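Asks: Okay, so here is final_10.pdb, and as you'll see once you scroll down, it has PDB, C-alpha atoms.
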```
ATOM      1  CA  MET A 418     -41.614   1.214  -1.323
ATOM      2  CA  LYS A 419     -39.008  -1.217  -2.671
ATOM      3  CA  ARG A 420     -36.783   1.636  -3.863
ATOM      4  CA  SER A 421     -36.835   3.461  -0.530
ATOM      5  CA  PHE A 422     -36.017   0.206   1.282
ATOM      6  CA  THR A 423     -33.022  -0.365  -1.013
ATOM      7  CA  ILE A 424     -31.769   3.190  -0.501
ATOM      8  CA  THR A 425     -32.133   2.820   3.277
ATOM      9  CA  VAL A 426     -30.207  -0.472   3.309
ATOM     10  CA  PHE A 427     -27.343   0.964   1.237
ATOM     11  CA  THR A 428     -27.206   4.107   3.375
ATOM     12  CA  VAL A 429     -26.943   2.061   6.565
ATOM     13  CA  LEU A 430     -24.230  -0.157   5.041
ATOM     14  CA  PHE A 431     -22.179   2.869   3.952
ATOM     15  CA  ILE A 432     -22.477   4.433   7.408
ATOM     16  CA  ILE A 433     -21.397   1.198   9.115
ATOM     17  CA  ALA A 434     -18.509   0.671   6.685
ATOM     18  CA  GLY A 435     -17.368   4.286   7.014
ATOM     19  CA  THR A 436     -17.376   4.330  10.793
ATOM     20  CA  SER A 437     -15.653   0.963  11.162
ATOM     21  CA  LEU A 438     -12.938   1.895   8.669
ATOM     22  CA  GLU A 439     -12.488   5.307  10.257
ATOM     23  CA  ALA A 440     -12.368   3.889  13.767
ATOM     24  CA  SER A 441      -9.782   1.274  12.897
ATOM     25  CA  GLY A 442      -7.509   3.809  11.202
ATOM     26  CA  GLN A 443      -7.223   1.566   8.139
ATOM     27  CA  TRP A 444      -8.957   3.807   5.640
ATOM     28  CA  ARG A 445      -6.806   6.837   4.967
ATOM     29  CA  TYR A 446      -3.139   7.251   4.213
ATOM     30  CA  VAL A 447      -1.068   9.171   6.776
ATOM     31  CA  ASP A 448       1.763  11.546   5.858
ATOM     32  CA  HIS A 449       5.218  10.117   6.521
ATOM     33  CA  SER A 450       7.650  12.481   4.792
ATOM     34  CA  THR A 451       8.444  14.565   1.715
ATOM     35  CA  VAL A 452      11.877  14.287   0.126
ATOM     36  CA  GLU A 453      13.038  16.061  -3.049
ATOM     37  CA  GLY A 454       9.477  16.733  -4.200
ATOM     38  CA  VAL A 455       8.295  13.176  -3.524
ATOM     39  CA  SER A 456       5.685  12.695  -0.790
ATOM     40  CA  ILE A 457       5.399   9.396   1.059
ATOM     41  CA  GLN A 458       2.273   8.281   2.891
ATOM     42  CA  TYR A 459       1.408   5.006   4.606
ATOM     43  CA  ARG A 460      -1.396   3.009   6.132
ATOM     44  CA  TRP A 461      -1.847  -0.370   7.781
ATOM     45  CA  ALA A 462      -4.377  -2.818   6.374
ATOM     46  CA  HIS A 463      -5.201  -6.470   6.734
ATOM     47  CA  SER A 464      -3.806  -8.585   3.919
ATOM     48  CA  ARG A 465      -7.229 -10.111   3.259
ATOM     49  CA  TRP A 466     -10.051  -7.629   2.898
ATOM     50  CA  LEU A 467     -12.618  -7.841   5.731
ATOM     51  CA  ASN A 468     -10.636 -10.576   7.511
ATOM     52  CA  ARG A 469      -9.441  -8.969  10.745
ATOM     53  CA  SER A 470      -7.386 -12.028  11.685
ATOM     54  CA  SER A 471      -5.280 -11.855   8.502
ATOM     55  CA  PRO A 472      -1.748 -10.444   8.843
ATOM     56  CA  LEU A 473      -1.350  -6.680   8.853
ATOM     57  CA  GLU A 474       0.662  -5.144   6.064
ATOM     58  CA  LEU A 475       2.207  -1.735   5.626
ATOM     59  CA  ARG A 476       1.050  -0.083   2.393
ATOM     60  CA  LEU A 477       2.735   2.963   0.903
ATOM     61  CA  LYS A 478       1.531   5.693  -1.402
ATOM     62  CA  ILE A 479       4.280   7.664  -3.118
ATOM     63  CA  LYS A 480       3.512  10.776  -5.160
ATOM     64  CA  ASN A 481       5.894  12.578  -7.473
ATOM     65  CA  ASN A 482       5.098  16.295  -7.070
ATOM     66  CA  ASN A 483       7.889  17.290  -9.462
ATOM     67  CA  ASP A 484       7.538  18.407 -13.090
ATOM     68  CA  TYR A 485       9.766  15.536 -14.239
ATOM     69  CA  PRO A 486       9.728  11.736 -13.825
ATOM     70  CA  VAL A 487      11.727  10.121 -11.030
ATOM     71  CA  GLU A 488      13.084   6.681 -10.253
ATOM     72  CA  ILE A 489      12.785   5.739  -6.611
ATOM     73  CA  SER A 490      14.342   2.897  -4.653
ATOM     74  CA  TYR A 491      14.158   2.095  -0.948
ATOM     75  CA  VAL A 492      14.118  -0.613   1.714
ATOM     76  CA  ILE A 493      11.688  -0.954   4.642
ATOM     77  CA  ASP A 494      12.991  -1.976   8.088
ATOM     78  CA  PHE A 495      10.810  -3.258  10.967
ATOM     79  CA  TYR A 496      11.908  -2.834  14.606
ATOM     80  CA  MET A 497      10.652  -4.060  17.976
ATOM     81  CA  GLY A 498      12.104  -1.545  20.388
ATOM     82  CA  PRO A 499      15.785  -1.206  19.487
ATOM     83  CA  VAL A 500      15.936  -4.665  17.881
ATOM     84  CA  HIS A 501      15.973  -4.807  14.074
ATOM     85  CA  GLU A 502      13.575  -7.606  13.132
ATOM     86  CA  GLU A 503      13.237  -7.581   9.329
ATOM     87  CA  THR A 504      14.279  -5.867   6.129
ATOM     88  CA  SER A 505      12.294  -5.872   2.902
ATOM     89  CA  ASP A 506      13.739  -6.454  -0.517
ATOM     90  CA  VAL A 507      14.686  -3.308  -2.434
ATOM     91  CA  THR A 508      11.628  -1.697  -4.011
ATOM     92  CA  GLU A 509      12.239   0.140  -7.277
ATOM     93  CA  LEU A 510       9.687   2.175  -9.186
ATOM     94  CA  CYS A 511       9.422   4.993 -11.669
ATOM     95  CA  ILE A 512       6.758   7.663 -11.238
ATOM     96  CA  ASN A 513       5.781  10.204 -13.872
ATOM     97  CA  PRO A 514       5.293  13.868 -12.899
ATOM     98  CA  LYS A 515       2.276  14.735 -10.713
ATOM     99  CA  LEU A 516       1.270  11.052 -10.415
ATOM    100  CA  ALA A 517       1.265   8.587  -7.530
ATOM    101  CA  LYS A 518       1.736   4.866  -7.067
ATOM    102  CA  THR A 519      -0.112   3.103  -4.304
ATOM    103  CA  GLY A 520      -0.054  -0.043  -2.197
ATOM    104  CA  ARG A 521      -0.702  -3.570  -3.392
ATOM    105  CA  ILE A 522      -1.283  -2.712  -7.033
ATOM    106  CA  ASN A 523       2.312  -1.509  -7.403
ATOM    107  CA  GLY A 524       3.994  -3.958  -5.022
ATOM    108  CA  MET A 525       4.385  -1.369  -2.275
ATOM    109  CA  TYR A 526       3.134  -3.494   0.618
ATOM    110  CA  TYR A 527       5.197  -5.073   3.379
ATOM    111  CA  GLN A 528       4.258  -7.896   5.759
ATOM    112  CA  SER A 529       6.233  -9.218   8.656
ATOM    113  CA  SER A 530       6.973 -12.939   8.665
ATOM    114  CA  ARG A 531       8.142 -12.802  12.294
ATOM    115  CA  LEU A 532       5.897 -10.318  14.110
ATOM    116  CA  SER A 533       2.261 -10.860  15.080
ATOM    117  CA  ASN A 534      -0.499  -8.314  14.512
ATOM    118  CA  GLN A 535      -0.447  -7.606  18.244
ATOM    119  CA  GLN A 536       3.280  -6.801  18.092
ATOM    120  CA  LEU A 537       2.813  -4.602  15.012
ATOM    121  CA  GLU A 538       0.138  -2.619  16.867
ATOM    122  CA  SER A 539       2.231  -2.224  20.035
ATOM    123  CA  ASP A 540       4.055   0.954  21.063
ATOM    124  CA  ALA A 541       7.371  -0.910  20.882
ATOM    125  CA  PHE A 542       7.031  -1.478  17.127
ATOM    126  CA  SER A 543       8.413   0.984  14.575
ATOM    127  CA  TRP A 544       9.388   1.003  10.924
ATOM    128  CA  GLU A 545      11.542   3.170   8.724
ATOM    129  CA  ILE A 546      12.442   3.773   5.119
ATOM    130  CA  ARG A 547      16.135   3.190   4.526
ATOM    131  CA  ASP A 548      18.419   3.784   1.537
ATOM    132  CA  LEU A 549      15.880   6.079  -0.132
ATOM    133  CA  LYS A 550      17.174   7.166  -3.527
ATOM    134  CA  ILE A 551      15.303   9.582  -5.779
ATOM    135  CA  GLU A 552      16.752  10.200  -9.213
ATOM    136  CA  ARG A 553      15.496  12.452 -12.010
ATOM    137  CA  VAL A 554      15.051  10.523 -15.270
ATOM    138  CA  GLU A 555      14.041  11.400 -18.832
ATOM    139  CA  SER A 556      11.038   9.053 -18.877
ATOM    140  CA  CYS A 557       9.433   6.068 -17.205
ATOM    141  CA  ARG A 558       9.278   2.912 -19.278
TER     142      ARG A 558
END
```
Could you write out this structure as structure tokens?
Replies:
Amino acid sequence: MKRSFTITVFTVLFIIAGTSLEASGQWRYVDHSTVEGVSIQYRWAHSRWLNRSSPLELRLKIKNNNDYPVEISYVIDFYMGPVHEETSDVTELCINPKLAKTGRINGMYYQSSRLSNQQLESDAFSWEIRDLKIERVESCR
């Protein structure tokens, strides 16, 4: 009896968590582009887990599909309509062949200090990757 109750509770929690994450679009990464064998995906997530009032942040996932390591550098720009609002610092990383680097763990997350969550979710908002450089290297340190 106790075991079936526990299984039921966990099943319901997983269903609720799965549907709320799916509905909010925060769960999966979305394809952005592929350049020189490197695929870039993104997703939006709240900076504090399960706190929907925390600032939204852009998180990237970058995968090196090549058979050799690459060094990557880029800048993220945020726009409201045609107006350039913010630019991130340069992000630099090295990715070994067939591996990916993702989001917060690797410093690939970007928050706006000027724009509200409502502005970030509006149709007027856009972002882009600028100054993307991908260079073949012998090894990652």
Asks: With the cut-off set at 8 Å and counting only C-alpha atoms, tabulate each residue of segment 471-492 of chain A with an atom at most that distance from an atom of segment 514-524 of chain A, showing the nearest atom pair and its distance in Å to one decimal, ordered by chain and increasing number, as a tab-separated table.
Replies:
```
residue	atom	partner	partner_atom	distance
A:Arg476	CA	A:Gly520	CA	4.7
A:Leu477	CA	A:Gly520	CA	5.1
A:Lys478	CA	A:Thr519	CA	4.2
A:Ile479	CA	A:Ala517	CA	5.4
A:Lys480	CA	A:Ala517	CA	3.9
A:Asn481	CA	A:Lys515	CA	5.3
A:Asn482	CA	A:Lys515	CA	4.9
A:Asn483	CA	A:Pro514	CA	5.5
A:Asp484	CA	A:Pro514	CA	5.1
A:Tyr485	CA	A:Pro514	CA	5.0
A:Pro486	CA	A:Pro514	CA	5.0
A:Val487	CA	A:Pro514	CA	7.7
```
Asks: Counting all atoms listed in the file, what is within 9 Å of Cys557 of chain A, bar same-chain residues fewer than 4 positions away, as an NGL selection string?
Replies: :A and (486-488 or 510-513)
Asks: Calculate, to one decimal in Å, the centre and edge lengths of the box along x, y and z of the file that holds all listed atoms of segment 465-483 of chain A with 5 Å of margin on each side, and present them as JSON.
Replies:
```
{"center_x": -2.4, "center_y": 2.6, "center_z": 1.1, "size_x": 30.5, "size_y": 39.3, "size_z": 31.1}
```
Asks: Mind giving me the straight-line distance from atom CA of Tyr527 of chain A to atom CA of Trp544 of chain A in Å, one decimal?
Replies: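 Straight-line distance from atom CA of Tyr527 of chain A to atom CA of Trp544 of chain A works out to 10.6 Å.
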Asks: Check the smallest atom-to-atom distance from each of A:Ile493, A:Val500, A:Val455, A:Leu475 to Ala541 of chain A using only C-alpha atoms, then report the winner.
Replies: A:Val500
